[in-house]
Every structure is written in structure tokens, then in C-alpha cells.
$ cat coords08.txt   # compact mmCIF, C-alpha atoms
# COMPACT_ATOMS: atom_id res chain seq x y z
CA MET A 1 -113.95 -19.68 56.98
CA LYS A 2 -110.93 -19.71 54.68
CA ILE A 3 -107.66 -21.01 56.05
CA LEU A 4 -104.17 -20.36 54.73
CA LEU A 5 -102.26 -23.41 55.86
CA VAL A 6 -98.62 -22.58 56.47
CA HIS A 7 -96.64 -25.77 55.88
CA ASP A 8 -92.97 -26.31 56.51
CA GLU A 9 -91.82 -25.25 53.02
CA MET A 10 -93.34 -21.76 53.19
CA LEU A 11 -92.08 -20.19 56.41
CA ASN A 12 -91.80 -16.71 54.96
CA ASP A 13 -94.73 -14.34 54.78
CA THR A 14 -93.27 -12.42 51.84
CA LEU A 15 -94.10 -15.39 49.59
CA PRO A 16 -96.78 -14.56 46.98
CA VAL A 17 -99.38 -16.91 48.44
CA PHE A 18 -99.68 -14.73 51.53
CA ALA A 19 -100.51 -11.62 49.48
CA THR A 20 -103.07 -13.43 47.37
CA SER A 21 -104.81 -14.90 50.41
CA ALA A 22 -104.92 -11.86 52.65
CA ASP A 23 -108.49 -12.67 53.72
CA ALA A 24 -107.60 -16.11 55.08
CA ILE A 25 -106.70 -17.05 58.63
CA ARG A 26 -103.05 -18.08 58.71
CA VAL A 27 -102.58 -21.35 60.52
CA PHE A 28 -99.50 -23.44 61.31
CA VAL A 29 -100.12 -26.87 62.78
CA LEU A 30 -97.64 -28.99 64.70
CA ASP A 31 -99.37 -32.27 63.99
CA PRO A 32 -97.65 -35.01 66.03
CA ALA A 33 -98.53 -37.68 63.47
CA PHE A 34 -97.04 -35.65 60.62
CA VAL A 35 -93.93 -34.78 62.62
CA ALA A 36 -93.43 -38.44 63.50
CA SER A 37 -93.94 -39.59 59.92
CA GLU A 38 -91.28 -37.15 58.74
CA GLY A 39 -88.89 -38.19 61.49
CA TRP A 40 -88.08 -34.63 62.49
CA THR A 41 -85.53 -34.08 65.20
CA LEU A 42 -86.01 -31.73 68.10
CA LYS A 43 -83.65 -29.18 66.57
CA ARG A 44 -85.59 -29.17 63.33
CA ILE A 45 -88.88 -28.46 65.07
CA GLN A 46 -87.17 -25.67 67.01
CA PHE A 47 -85.84 -24.16 63.79
CA VAL A 48 -89.28 -24.32 62.20
CA ILE A 49 -90.93 -22.74 65.23
CA ASP A 50 -88.38 -19.91 65.27
CA CYS A 51 -89.32 -19.19 61.66
CA VAL A 52 -93.04 -19.28 62.42
CA ALA A 53 -92.58 -17.02 65.45
CA GLU A 54 -91.29 -14.26 63.22
CA MET A 55 -94.20 -14.42 60.78
CA GLN A 56 -97.11 -12.02 61.10
CA ASN A 57 -100.54 -13.15 62.31
CA VAL A 58 -99.94 -16.88 62.20
CA ARG A 59 -101.98 -18.92 64.68
CA VAL A 60 -100.09 -21.98 65.89
CA PHE A 61 -101.79 -25.20 66.93
CA HIS A 62 -100.63 -28.51 68.33
CA GLY A 63 -102.84 -31.40 67.27
CA ALA A 64 -104.22 -33.20 64.25
CA LEU A 65 -104.65 -30.98 61.21
CA ALA A 66 -108.14 -32.27 60.49
CA ASP A 67 -109.23 -31.48 64.04
CA VAL A 68 -107.81 -27.97 63.83
CA CYS A 69 -109.67 -27.30 60.59
CA ARG A 70 -112.88 -28.63 62.10
CA GLU A 71 -112.41 -26.57 65.25
CA LEU A 72 -111.91 -23.41 63.21
CA GLY A 73 -114.91 -24.14 61.00
CA ALA A 74 -112.82 -24.21 57.87
CA THR A 75 -114.77 -24.23 54.61
CA SER A 76 -111.80 -23.88 52.28
CA LEU A 77 -108.06 -24.04 52.54
CA VAL A 78 -105.28 -22.52 50.49
CA THR A 79 -101.60 -23.35 50.66
CA GLN A 80 -98.45 -23.31 48.56
CA SER A 81 -97.93 -26.13 46.11
CA THR A 82 -95.15 -28.63 46.69
CA PRO A 83 -93.88 -31.87 45.20
CA ASN A 84 -93.68 -33.19 48.76
CA HIS A 85 -96.06 -36.15 48.88
CA ALA A 86 -95.95 -36.18 52.66
CA ILE A 87 -97.59 -32.76 52.71
CA GLN A 88 -99.99 -33.70 49.95
CA GLN A 89 -101.08 -36.83 51.80
CA TRP A 90 -101.38 -34.89 55.03
CA LEU A 91 -103.89 -32.59 53.37
CA GLU A 92 -105.80 -35.51 51.91
CA SER A 93 -106.96 -36.16 55.45
CA LEU A 94 -109.08 -33.01 55.08
CA SER A 95 -111.35 -34.38 52.35
CA PRO A 96 -113.93 -33.13 51.38
CA LEU A 97 -112.61 -29.67 52.28
CA THR A 98 -111.82 -27.61 49.18
CA ILE A 99 -108.06 -27.15 48.86
CA SER A 100 -106.38 -24.62 46.56
CA TRP A 101 -102.69 -24.97 45.74
CA HIS A 102 -100.87 -21.74 44.96
CA ASP A 103 -97.76 -22.03 42.76
CA GLU A 104 -94.44 -21.80 44.55
CA PRO A 105 -91.89 -19.24 43.29
CA GLN A 106 -89.80 -20.50 40.40
CA PHE A 107 -86.02 -20.32 40.09
CA VAL A 108 -86.14 -20.50 36.30
CA ASP A 109 -88.58 -21.20 33.52
CA TYR A 110 -87.85 -24.67 32.23
CA GLU A 111 -89.94 -27.29 30.50
CA GLY A 112 -87.19 -29.53 29.15
CA ARG A 113 -85.98 -32.99 30.03
CA LEU A 114 -84.56 -33.79 33.45
CA SER A 115 -82.24 -36.64 32.72
CA ARG A 116 -78.96 -34.94 33.65
CA PHE A 117 -78.13 -31.67 35.39
CA THR A 118 -75.69 -30.58 32.68
CA ALA A 119 -78.41 -30.42 30.03
CA TYR A 120 -80.75 -28.57 32.39
CA TRP A 121 -78.05 -26.07 33.36
CA LYS A 122 -77.04 -25.46 29.78
CA SER A 123 -80.63 -24.55 29.04
CA VAL A 124 -81.35 -22.33 32.07
CA ALA A 125 -78.00 -20.62 32.68
CA PRO A 126 -78.77 -17.88 30.09
CA GLN A 127 -81.63 -16.79 32.34
CA TRP A 128 -79.00 -15.70 34.86
CA PHE A 129 -75.84 -14.89 32.91
CA SER A 130 -74.92 -13.25 29.62
CA GLU A 131 -73.48 -15.22 26.75
CA ASP A 132 -70.04 -13.70 27.38
CA VAL A 133 -70.02 -14.96 30.95
CA LEU A 134 -71.14 -18.42 29.89
CA ILE A 135 -68.48 -18.65 27.20
CA ALA A 136 -65.84 -17.64 29.70
CA GLU A 137 -67.06 -20.12 32.29
CA ASN A 138 -67.25 -22.87 29.72
CA ALA A 139 -63.67 -22.16 28.71
CA ARG A 140 -62.69 -22.53 32.37
CA GLY A 141 -64.63 -25.77 32.61
CA GLY A 142 -67.05 -24.09 34.97
CA SER A 143 -70.11 -25.88 33.77
CA LYS A 144 -68.55 -29.27 33.39
CA LEU A 145 -69.17 -31.91 35.97
CA SER A 146 -66.01 -33.90 36.26
CA ARG A 147 -66.40 -37.01 38.34
CA SER A 148 -62.89 -36.76 39.70
CA ALA A 149 -63.12 -36.43 43.44
CA SER A 150 -61.37 -33.10 43.38
CA SER A 151 -64.34 -31.65 41.55
CA VAL A 152 -67.20 -31.03 43.89
CA ARG A 153 -70.68 -30.00 43.00
CA GLY A 154 -73.33 -28.90 45.37
CA ALA A 155 -75.73 -31.74 45.39
CA LEU A 156 -75.98 -32.70 48.98
CA ARG A 157 -75.77 -29.28 50.52
CA LYS A 158 -78.39 -27.27 48.72
CA MET B 1 -110.12 -37.68 67.95
CA SER B 2 -111.75 -35.17 70.22
CA GLU B 3 -111.36 -31.46 69.82
CA SER B 4 -109.83 -31.30 73.27
CA SER B 5 -106.65 -32.77 71.82
CA ILE B 6 -106.13 -29.51 69.93
CA ARG B 7 -104.18 -26.81 71.61
CA GLU B 8 -103.50 -23.28 70.37
CA ILE B 9 -100.05 -22.15 71.34
CA THR B 10 -98.78 -18.68 72.04
CA LEU B 11 -95.15 -18.82 71.09
CA ALA B 12 -92.76 -17.37 73.64
CA LYS B 13 -90.88 -14.24 72.72
CA THR B 14 -87.41 -15.51 73.47
CA ARG B 15 -85.72 -18.24 71.54
CA ALA B 16 -84.70 -20.18 74.62
CA GLU B 17 -88.26 -20.18 75.90
CA ARG B 18 -89.61 -21.30 72.52
CA HIS B 19 -87.13 -24.15 72.40
CA GLN B 20 -88.33 -25.25 75.81
CA GLN B 21 -91.92 -25.05 74.55
CA VAL B 22 -90.97 -27.48 71.78
CA ARG B 23 -89.31 -29.79 74.29
CA ASP B 24 -92.50 -29.75 76.34
CA LEU B 25 -94.67 -30.45 73.28
CA PHE B 26 -92.48 -33.33 72.12
CA PRO B 27 -91.16 -34.85 75.34
CA THR B 28 -90.05 -38.09 73.70
CA LEU B 29 -87.61 -36.32 71.37
CA ASP B 30 -84.15 -35.83 72.74
CA GLY B 31 -81.01 -34.32 71.32
CA THR B 32 -79.35 -30.97 71.22
CA ASP B 33 -81.10 -27.65 70.75
CA CYS B 34 -80.98 -26.03 67.35
CA GLY B 35 -77.84 -23.97 66.72
CA PHE B 36 -79.18 -22.31 63.57
CA GLU B 37 -81.21 -19.18 64.07
CA GLY B 38 -84.51 -19.53 62.29
CA GLY B 39 -86.57 -16.81 60.66
CA ARG B 40 -86.55 -14.47 57.72
CA ALA B 41 -84.43 -11.82 59.43
CA ALA B 42 -81.68 -14.34 60.21
CA ALA B 43 -81.90 -15.67 56.67
CA LEU B 44 -81.44 -12.20 55.19
CA ARG B 45 -78.47 -11.57 57.46
CA ALA B 46 -76.93 -14.86 56.31
CA LEU B 47 -77.57 -13.93 52.69
CA ALA B 48 -75.92 -10.56 53.22
CA ARG B 49 -72.81 -12.37 54.48
CA VAL B 50 -72.43 -14.46 51.33
CA ASP B 51 -69.30 -13.54 49.43
CA PRO B 52 -69.70 -15.15 46.01
CA ALA B 53 -66.05 -14.64 45.08
CA ALA B 54 -64.80 -16.26 48.27
CA TYR B 55 -67.40 -18.99 47.86
CA ASN B 56 -66.04 -19.66 44.40
CA ARG B 57 -62.48 -20.02 45.68
CA THR B 58 -63.00 -21.87 48.92
CA ARG B 59 -66.33 -23.72 48.96
CA ASN B 60 -64.75 -27.16 48.68
CA HIS B 61 -62.71 -26.71 51.85
CA LEU B 62 -64.34 -27.69 55.12
CA ASN B 63 -63.42 -24.27 56.50
CA GLY B 64 -64.35 -22.51 53.25
CA LYS B 65 -66.76 -19.62 52.86
CA VAL B 66 -69.91 -21.61 52.22
CA SER B 67 -73.26 -19.95 52.53
CA ARG B 68 -74.99 -22.16 55.16
CA LEU B 69 -78.28 -21.03 53.62
CA SER B 70 -79.67 -24.50 53.00
CA PRO B 71 -81.94 -24.67 56.09
CA TYR B 72 -83.56 -21.43 54.92
CA PHE B 73 -84.03 -22.67 51.36
CA ARG B 74 -85.50 -25.93 52.58
CA HIS B 75 -88.17 -24.16 54.59
CA GLY B 76 -88.96 -21.47 52.05
CA VAL B 77 -87.56 -18.75 54.27
CA LEU B 78 -85.42 -17.68 51.33
CA THR B 79 -86.11 -18.48 47.71
CA LEU B 80 -83.41 -19.67 45.36
CA ALA B 81 -84.24 -16.86 42.98
CA GLU B 82 -83.78 -14.09 45.52
CA ALA B 83 -80.45 -15.59 46.59
CA ALA B 84 -79.30 -15.74 42.99
CA HIS B 85 -80.40 -12.15 42.34
CA ALA B 86 -78.61 -10.94 45.47
CA ALA B 87 -75.39 -12.76 44.58
CA ILE B 88 -75.38 -11.49 41.00
CA LYS B 89 -76.13 -7.95 42.16
CA ARG B 90 -73.17 -8.19 44.53
CA SER B 91 -70.63 -9.95 42.34
CA GLY B 92 -71.88 -10.05 38.75
CA SER B 93 -70.25 -12.89 36.85
CA GLY B 94 -68.35 -13.75 40.02
CA ALA B 95 -71.59 -15.25 41.30
CA TYR B 96 -71.57 -17.93 38.60
CA LYS B 97 -70.55 -20.82 40.82
CA PHE B 98 -72.93 -19.84 43.57
CA VAL B 99 -75.89 -19.70 41.18
CA PHE B 100 -74.72 -22.92 39.54
CA GLU B 101 -74.93 -24.65 42.90
CA LEU B 102 -78.37 -23.17 43.60
CA ALA B 103 -79.49 -24.65 40.32
CA TRP B 104 -78.70 -28.15 41.59
CA ARG B 105 -81.36 -27.75 44.23
CA ASP B 106 -83.88 -26.57 41.66
CA PHE B 107 -82.98 -29.48 39.39
CA TRP B 108 -83.54 -32.06 42.13
CA ARG B 109 -86.85 -30.48 43.07
CA ARG B 110 -88.07 -30.60 39.48
CA VAL B 111 -87.18 -34.27 39.29
CA TRP B 112 -89.12 -34.81 42.51
CA ALA B 113 -92.13 -32.95 41.08
CA ARG B 114 -91.98 -35.10 37.97
CA ASP B 115 -91.36 -38.49 39.57
CA GLY B 116 -92.79 -38.20 43.05
CA ASP B 117 -92.04 -41.07 45.39
CA ALA B 118 -90.17 -42.86 42.61
CA ILE B 119 -87.08 -40.90 43.69
CA GLU B 120 -86.96 -43.16 46.74
CA ALA B 121 -86.05 -46.14 44.57
CA ASP B 122 -83.26 -46.57 42.04
CA MET B 123 -83.78 -44.02 39.29
CA GLU B 124 -81.55 -45.99 36.95
CA ARG B 125 -79.55 -49.21 36.90
CA ALA B 126 -76.51 -48.90 39.14
CA LYS B 127 -73.33 -48.60 37.08
CA VAL B 128 -71.34 -50.60 39.62
CA ARG B 129 -72.10 -53.20 42.24
CA ILE B 130 -73.81 -51.52 45.17
CA GLY B 131 -74.95 -53.11 48.39
CA ASP B 132 -78.17 -53.42 50.33
CA ALA B 133 -76.84 -53.72 53.86
CA PRO B 134 -78.61 -51.86 56.67
CA LEU B 135 -76.87 -48.86 58.20
CA PRO B 136 -74.26 -50.22 60.64
CA LYS B 137 -74.40 -48.99 64.22
CA ASP B 138 -70.78 -47.94 64.21
CA VAL B 139 -71.51 -45.56 61.35
CA ALA B 140 -74.66 -44.08 62.87
CA ASN B 141 -73.00 -43.74 66.28
CA ALA B 142 -69.77 -42.17 65.02
CA GLN B 143 -67.74 -45.16 66.13
CA THR B 144 -65.99 -46.22 62.92
CA GLU B 145 -62.66 -45.01 64.35
CA LEU B 146 -62.17 -43.08 61.13
CA ALA B 147 -61.75 -39.54 62.43
CA CYS B 148 -63.20 -38.02 59.27
CA MET B 149 -66.39 -40.07 59.10
CA ASP B 150 -67.01 -39.95 62.84
CA SER B 151 -66.56 -36.19 62.77
CA PHE B 152 -69.07 -35.84 59.94
CA VAL B 153 -71.65 -37.89 61.85
CA ARG B 154 -71.13 -35.86 65.02
CA ASP B 155 -71.68 -32.67 63.03
CA LEU B 156 -74.86 -34.15 61.62
CA ARG B 157 -76.30 -35.28 64.91
CA GLU B 158 -75.25 -32.27 66.95
CA THR B 159 -76.06 -29.48 64.49
CA GLY B 160 -78.13 -30.97 61.68
CA TYR B 161 -75.74 -29.38 59.22
CA VAL B 162 -72.77 -30.87 57.37
CA HIS B 163 -70.52 -29.26 54.78
CA ASN B 164 -71.39 -30.40 51.27
CA HIS B 165 -68.01 -31.97 50.57
CA ALA B 166 -68.25 -33.92 53.81
CA ARG B 167 -71.72 -35.14 52.82
CA MET B 168 -70.31 -36.48 49.59
CA TRP B 169 -67.33 -38.17 51.23
CA PHE B 170 -69.57 -39.70 53.83
CA ALA B 171 -72.15 -40.95 51.33
CA SER B 172 -69.40 -42.47 49.24
CA TYR B 173 -67.88 -44.21 52.25
CA VAL B 174 -71.23 -45.61 53.37
CA VAL B 175 -72.44 -46.74 49.95
CA HIS B 176 -69.23 -47.91 48.30
CA HIS B 177 -66.93 -48.97 51.15
CA ARG B 178 -69.56 -50.33 53.52
CA LYS B 179 -72.00 -51.45 50.80
CA VAL B 180 -74.96 -50.02 52.67
CA SER B 181 -78.27 -49.53 50.88
CA TRP B 182 -78.25 -45.92 49.70
CA LYS B 183 -81.95 -45.74 50.56
CA ALA B 184 -81.43 -46.90 54.14
CA ALA B 185 -78.62 -44.40 54.59
CA ALA B 186 -80.52 -41.58 52.90
CA ASP B 187 -83.60 -42.13 55.06
CA TRP B 188 -81.51 -41.93 58.22
CA TYR B 189 -79.56 -38.91 56.99
CA TYR B 190 -82.74 -37.09 55.99
CA GLY B 191 -84.15 -37.36 59.48
CA GLU B 192 -81.05 -35.87 61.06
CA LEU B 193 -80.60 -32.95 58.68
CA LEU B 194 -81.91 -29.52 59.49
CA ASP B 195 -82.09 -28.84 55.76
CA GLY B 196 -83.26 -32.29 54.73
CA ASP B 197 -85.60 -32.55 51.83
CA ARG B 198 -86.18 -35.73 49.93
CA ALA B 199 -85.22 -34.32 46.55
CA SER B 200 -81.79 -32.93 47.39
CA ASN B 201 -80.98 -35.65 49.90
CA HIS B 202 -82.19 -38.82 48.26
CA LEU B 203 -81.23 -37.88 44.73
CA SER B 204 -77.77 -36.85 45.88
CA TRP B 205 -77.30 -40.23 47.55
CA GLN B 206 -78.36 -41.78 44.25
CA TRP B 207 -75.86 -39.55 42.43
CA VAL B 208 -73.08 -40.91 44.63
CA ALA B 209 -74.33 -44.48 44.29
CA SER B 210 -74.55 -44.19 40.47
CA THR B 211 -78.28 -44.87 40.28
CA PHE B 212 -78.86 -41.31 39.07
CA SER B 213 -75.53 -40.59 37.40
CA SER B 214 -73.26 -42.17 34.87
CA LYS B 215 -70.53 -43.14 37.35
CA PRO B 216 -70.14 -43.69 41.09
CA TYR B 217 -68.57 -40.94 43.19
CA PHE B 218 -65.55 -41.90 45.23
CA PHE B 219 -62.56 -40.11 46.66
CA ASN B 220 -59.14 -40.84 48.07
CA ARG B 221 -57.17 -39.70 51.10
CA GLU B 222 -55.19 -37.14 49.13
CA ASN B 223 -58.44 -35.42 48.20
CA LEU B 224 -59.79 -35.51 51.73
CA GLU B 225 -56.53 -34.24 53.24
CA ARG B 226 -56.33 -31.42 50.72
CA TYR B 227 -59.75 -30.03 51.59
CA THR B 228 -59.46 -30.58 55.33
CA ASP B 229 -55.88 -29.30 55.60
CA GLY B 230 -54.98 -32.73 56.94
CA ALA B 231 -56.56 -31.93 60.29
CA LEU B 232 -58.80 -34.98 60.49
CA CYS B 233 -56.16 -37.43 59.28
CA ALA B 234 -53.70 -36.09 61.85
CA GLN B 235 -55.97 -37.14 64.71
CA CYS B 236 -57.12 -40.42 63.17
CA THR B 237 -56.19 -43.61 64.99
CA LYS B 238 -56.47 -45.43 61.68
CA ARG B 239 -54.23 -43.07 59.76
CA ASN B 240 -51.85 -45.91 59.03
CA ALA B 241 -54.67 -48.19 57.92
CA CYS B 242 -56.75 -45.66 56.02
CA PRO B 243 -59.24 -47.24 53.59
CA PHE B 244 -59.00 -44.18 51.37
CA ASP B 245 -55.21 -44.12 51.08
CA ALA B 246 -54.78 -45.31 47.50
CA SER B 247 -54.74 -44.12 43.93
CA TYR B 248 -58.03 -43.77 42.12
CA PRO B 249 -57.44 -46.79 39.86
CA ALA B 250 -56.55 -48.90 42.89
CA LEU B 251 -59.60 -47.71 44.80
CA GLU B 252 -61.84 -48.32 41.84
CA LYS B 253 -60.62 -51.89 41.56
CA LYS B 254 -60.96 -52.46 45.29
CA LEU B 255 -64.47 -51.03 45.50
CA PHE B 256 -65.96 -52.27 42.26
CA GLY B 257 -63.72 -55.11 41.13
CA ALA B 258 -63.96 -56.32 37.58
CA GLU B 259 -67.05 -54.23 36.93
CA ALA B 260 -64.94 -51.12 37.06
CA SER B 261 -63.48 -51.90 33.68
CA LEU B 262 -66.88 -52.51 32.13
CA ARG B 263 -68.12 -48.94 32.43

$ encode --input "coords08.txt" --output "C-alpha cells"
Amino acid sequence: MKILLVHDEMLNDTLPVFATSADAIRVFVLDPAFVASEGWTLKRIQFVIDCVAEMQNVRVFHGALADVCRELGATSLVTQSTPNHAIQQWLESLSPLTISWHDEPQFVDYEGRLSRFTAYWKSVAPQWFSEDVLIAENARGGSKLSRSASSVRGALRK
Amino acid sequence: MSESSIREITLAKTRAERHQQVRDLFPTLDGTDCGFEGGRAAALRALARVDPAAYNRTRNHLNGKVSRLSPYFRHGVLTLAEAAHAAIKRSGSGAYKFVFELAWRDFWRRVWARDGDAIEADMERAKVRIGDAPLPKDVANAQTELACMDSFVRDLRETGYVHNHARMWFASYVVHHRKVSWKAAADWYYGELLDGDRASNHLSWQWVASTFSSKPYFFNRENLERYTDGALCAQCTKRNACPFDASYPALEKKLFGAEASLR
């Protein structure tokens, strides 16, 4: 029995992992221990559940993830990769079940350094905009990150 | 744990009923119901409402045309790439700022993928003196008597969503004025946010604190009044004793003392 575990960063069944795992049973688990460890509020769980409710053919369980997998007779599990260690550690509880991590969609191709956003943006912006646009924005100061308080960048929102 | 502790749930068809199901499943959690509509259809409607040109002009204002897409990004309901494609298709080069801001989220996530849990400690040496105080109750309970900060906390606790500019002002107040540990504040903030993820949240707190940036972020009253149309200051009981009512050099000296000149 192959399970496609739907975790809280993949609440959209148009993501590639769903197409590549069409033979798997889609499962979303509200694991009280995981929810508590993440400190989710009531409203966040409600938002998540609204997203899950709209997805096709997802079975929803309340209980420990390991118990759900055992109950379903899982022999392998696939899910979308994430840097979120909380999710990674959650799945470690399933050992020795075979787990496959499917790449998450990428915003840009980038293999460079990650010391400052400005260097990253300078490298990846041409993947979205033509050189003419970037020259014009640079002339306007559009890619500069002034630290004056009147200059706001979207760090905390997005 | 016995298998009897597992329960398969048939989600109710209406949103109100589903929210009650969640309340029943997690009876110890209190608080308000979620005001954001979840789901892919709602996310696509929200994306269709994004006006990149208006976003570019007004995003820094509390009543500006911001996207409010962050809860959808956080939960994978929308991808950053499809939002960028949609904005560029709609506005061409006028989508530059919108895509630029999306890129911040990608940048933070890449740092998280590279460094893992290390993002929950100082990424770099702080460039100014920062504190390690626990989060004060008056801050968490919206009882500072500063109308702006209390309003931002009420937004957070009641809706799980706060405008980006308000997040920055609030983080700066907590870290630099109150000398609270950025980590303690970030952990609390993360739990309350509907769109909270550790990369965007914790690294942004570090950006404000100067442990993942070259300088601290701070603001003054003129800046806050400009982007709130003065509405919060007008109702503030401390408007004549505002801690932000100073020039930037004066604030820098007050907040960071002699170290300010060393940077």
C-alpha cells in the first residue's frame, strides 16, 4: 500500500507530486502531537482543513501519523520535499517505512551564495524580466535595499 | 498507542460546520475562527484580484493594495512561480515590485534549506546591542498603550494576518526598544500567524535585529504616521510621549548608544 502523505505545505492537488503518485492513497493527518509541537492556533487548523476539504480524494485522519500508516498497511510513502525539519522529524517516526521525497516546485533556478538578498536577486531577476526592465528598475533604485525606514521590503509578509 | 486512537474524518461540506469540527477535535484551543477562506479556488480568486501596479504604488500603506496571498503561499495552495507568471502576464514590467517581493520568500526558504535549524539562532554577529529579555506580557496582550503596537497585536491574534510594514515596525519596537530576544518574539509570532513559516518569520526577525543584515531596522513616528495616514497616532493615549517621535540620528543614539557610531 503506497501512501501520498499530504503535509501542510502542499495543500493543492495541482502540484506535480500528485500527478506522479496517482496510484497512491492520499492521506492528510491531523496529528495532535505534531499540531502541538508547531503551536498552531485554532484559526490555522481551520484554514488548513478548508484547503484539504477542497482537494480531491484525500482521506483525513485524526491521530498519530505512525498509527495511521500502520492502520492503512502502508508499505511506502511519498510526499513533497521541504526544508521544514518539523515535518522531516515527524516522518522519521515512520522508520523503517520507505519514504520518497518529491521535489517541490521552484521559483527560480539558483545555485549561488545566499549571504544577502541583493546578490541573489541580481542573479535571478533576469529569469523574470528583460534586461531593459532591469536597467530601468535599477535606475529607479528598484532593486536597492535602502535601510531607511521609508523603504520597505517584503520580508515579514511573504 | 492503540489503533482505536485513530479516527477517519469526513469533513463537513460547509465552512462553518468544518470549523466546528476542528473545535471539537481540538477542544483545548481557543481563539477566533479563521477569517481567511482556505482552498485553491479562494487562492485563485485572490490572485486574480492582485493589481501589480497598485501594489507597486501603495503596498507600504496599511490600507494599500497588498496581495494577502501569504497564507496560500505558506501552505502550497499557490506557488510563487505561478503568482509571478500571473502578475507579469497582467502587468508586464509593472509587476517588477511584486515579483521582487515574492523573491524574498524564495530567498528565505533557500537559506532555511541550506542551514536548517541554524536559522533559529543568530546567523551573524549582531551589529548593535540587542537584548535577550523574554516577551513582556503587555506586548503579547496588546496593553503597551501604544495604539500602533497594540493594534498590530490585535490584528495578529484575531486574524493571524498583519500587514508587512506593521510586522516590521512591531519587530523593531520589540527587539530594539524593548530589548526582547528576537528568538523569543519570533517563536511567539510564528505561532500566531496564519502564514507563519520559520524561514520568512525567523529570518525576517533576524533581519530587523541585524543578525542577518548589515544594519538594524528602525523607524520613527514620521514614517509610521505617513503610512498609516496618522490614524493610529490620533487615537494614541501616548501621542505626546511617543517613543518613536524623534529624528533617525536621535533614535539611533537612544537605541544603540555609542555602538551606533561604530558601524

$ atom_distance --input "coords08.txt" --atom1 "CA of Leu72 (chain A)" --atom2 "CA of Arg23 (chain B)"
26.0 Å

$ closest_residue --input "coords08.txt" --among "B:Ala46, B:Leu29, B:Val174, B:Leu156" --to "chain A" --atoms "all atoms listed in the file"
B:Leu29

$ atom_distance --input "coords08.txt" --atom1 "CA of Leu5 (chain A)" --atom2 "CA of Gln106 (chain A)"
20.1 Å

$ atom_distance --input "coords08.txt" --atom1 "CA of Ala231 (chain B)" --atom2 "CA of Asp155 (chain B)"
15.4 Å

$ residues_around --input "coords08.txt" --residues "Pro126 (chain A)" --least-positions-apart "3" --cutoff "12 Å" --atoms "all atoms listed in the file" --output "PyMOL selection string"
(chain A and resi 108-110+120-123+129-135) or (chain B and resi 93+96+99-100)

$ closest_residue --input "coords08.txt" --among "A:His62, A:Lys2, A:Arg70, A:Arg26" --to "chain B" --atoms "all atoms listed in the file"
A:His62

$ closest_residue --input "coords08.txt" --among "B:Gly94, B:Pro27, B:His163, B:Leu251" --to "Val66 (chain B)" --atoms "all atoms listed in the file"
B:His163

$ residues_around --input "coords08.txt" --residues "Ala166 (chain B)" --least-positions-apart "2" --cutoff "10 Å" --atoms "only C-alpha atoms" --output "CSV table (one decimal) with C-alpha atoms, in the coordinates of the input"
chain,number,residue,atom,x,y,z
A,156,LEU,CA,-76.0,-32.7,49.0
A,157,ARG,CA,-75.8,-29.3,50.5
B,60,ASN,CA,-64.8,-27.2,48.7
B,61,HIS,CA,-62.7,-26.7,51.8
B,62,LEU,CA,-64.3,-27.7,55.1
B,148,CYS,CA,-63.2,-38.0,59.3
B,149,MET,CA,-66.4,-40.1,59.1
B,151,SER,CA,-66.6,-36.2,62.8
B,152,PHE,CA,-69.1,-35.8,59.9
B,153,VAL,CA,-71.6,-37.9,61.8
B,155,ASP,CA,-71.7,-32.7,63.0
B,162,VAL,CA,-72.8,-30.9,57.4
B,163,HIS,CA,-70.5,-29.3,54.8
B,164,ASN,CA,-71.4,-30.4,51.3
B,168,MET,CA,-70.3,-36.5,49.6
B,169,TRP,CA,-67.3,-38.2,51.2
B,170,PHE,CA,-69.6,-39.7,53.8
B,171,ALA,CA,-72.2,-41.0,51.3
B,172,SER,CA,-69.4,-42.5,49.2
B,224,LEU,CA,-59.8,-35.5,51.7
B,227,TYR,CA,-59.8,-30.0,51.6
B,228,THR,CA,-59.5,-30.6,55.3

$ closest_residue --input "coords08.txt" --among "A:Phe18, A:Phe117, A:Trp101, A:Phe34" --to "chain B" --atoms "all atoms listed in the file"
A:Phe117

$ residues_around --input "coords08.txt" --residues "Pro105 (chain A)" --least-positions-apart "5" --cutoff "9 Å" --atoms "all atoms listed in the file" --output "ChimeraX atom specification"
/A:15-16 /B:79-81

$ decode --input "coords08.txt" --residues "region 41-62 of chain B" --atoms "C-alpha atoms" --output "PDB file, in the first residue's frame"
ATOM      1  CA  ALA B  41     -10.364  28.310  -5.510  1.00  0.00           C
ATOM      2  CA  ALA B  42     -10.142  31.116  -2.955  1.00  0.00           C
ATOM      3  CA  ALA B  43      -6.431  31.444  -3.632  1.00  0.00           C
ATOM      4  CA  LEU B  44      -7.003  31.821  -7.366  1.00  0.00           C
ATOM      5  CA  ARG B  45      -9.685  34.430  -6.742  1.00  0.00           C
ATOM      6  CA  ALA B  46      -7.262  36.337  -4.516  1.00  0.00           C
ATOM      7  CA  LEU B  47      -4.567  36.088  -7.169  1.00  0.00           C
ATOM      8  CA  ALA B  48      -6.974  37.403  -9.792  1.00  0.00           C
ATOM      9  CA  ARG B  49      -7.571  40.461  -7.598  1.00  0.00           C
ATOM     10  CA  VAL B  50      -3.888  41.378  -7.429  1.00  0.00           C
ATOM     11  CA  ASP B  51      -3.204  44.646  -9.197  1.00  0.00           C
ATOM     12  CA  PRO B  52       0.577  44.801  -9.570  1.00  0.00           C
ATOM     13  CA  ALA B  53       0.578  48.479 -10.498  1.00  0.00           C
ATOM     14  CA  ALA B  54      -1.492  49.451  -7.465  1.00  0.00           C
ATOM     15  CA  TYR B  55       0.629  47.129  -5.337  1.00  0.00           C
ATOM     16  CA  ASN B  56       3.708  48.955  -6.536  1.00  0.00           C
ATOM     17  CA  ARG B  57       2.285  52.352  -5.576  1.00  0.00           C
ATOM     18  CA  THR B  58       0.549  51.569  -2.321  1.00  0.00           C
ATOM     19  CA  ARG B  59       1.945  48.416  -0.704  1.00  0.00           C
ATOM     20  CA  ASN B  60       3.710  50.272   2.097  1.00  0.00           C
ATOM     21  CA  HIS B  61       0.489  51.859   3.337  1.00  0.00           C
ATOM     22  CA  LEU B  62      -1.548  49.916   5.859  1.00  0.00           C
TER      23      LEU B  62
END
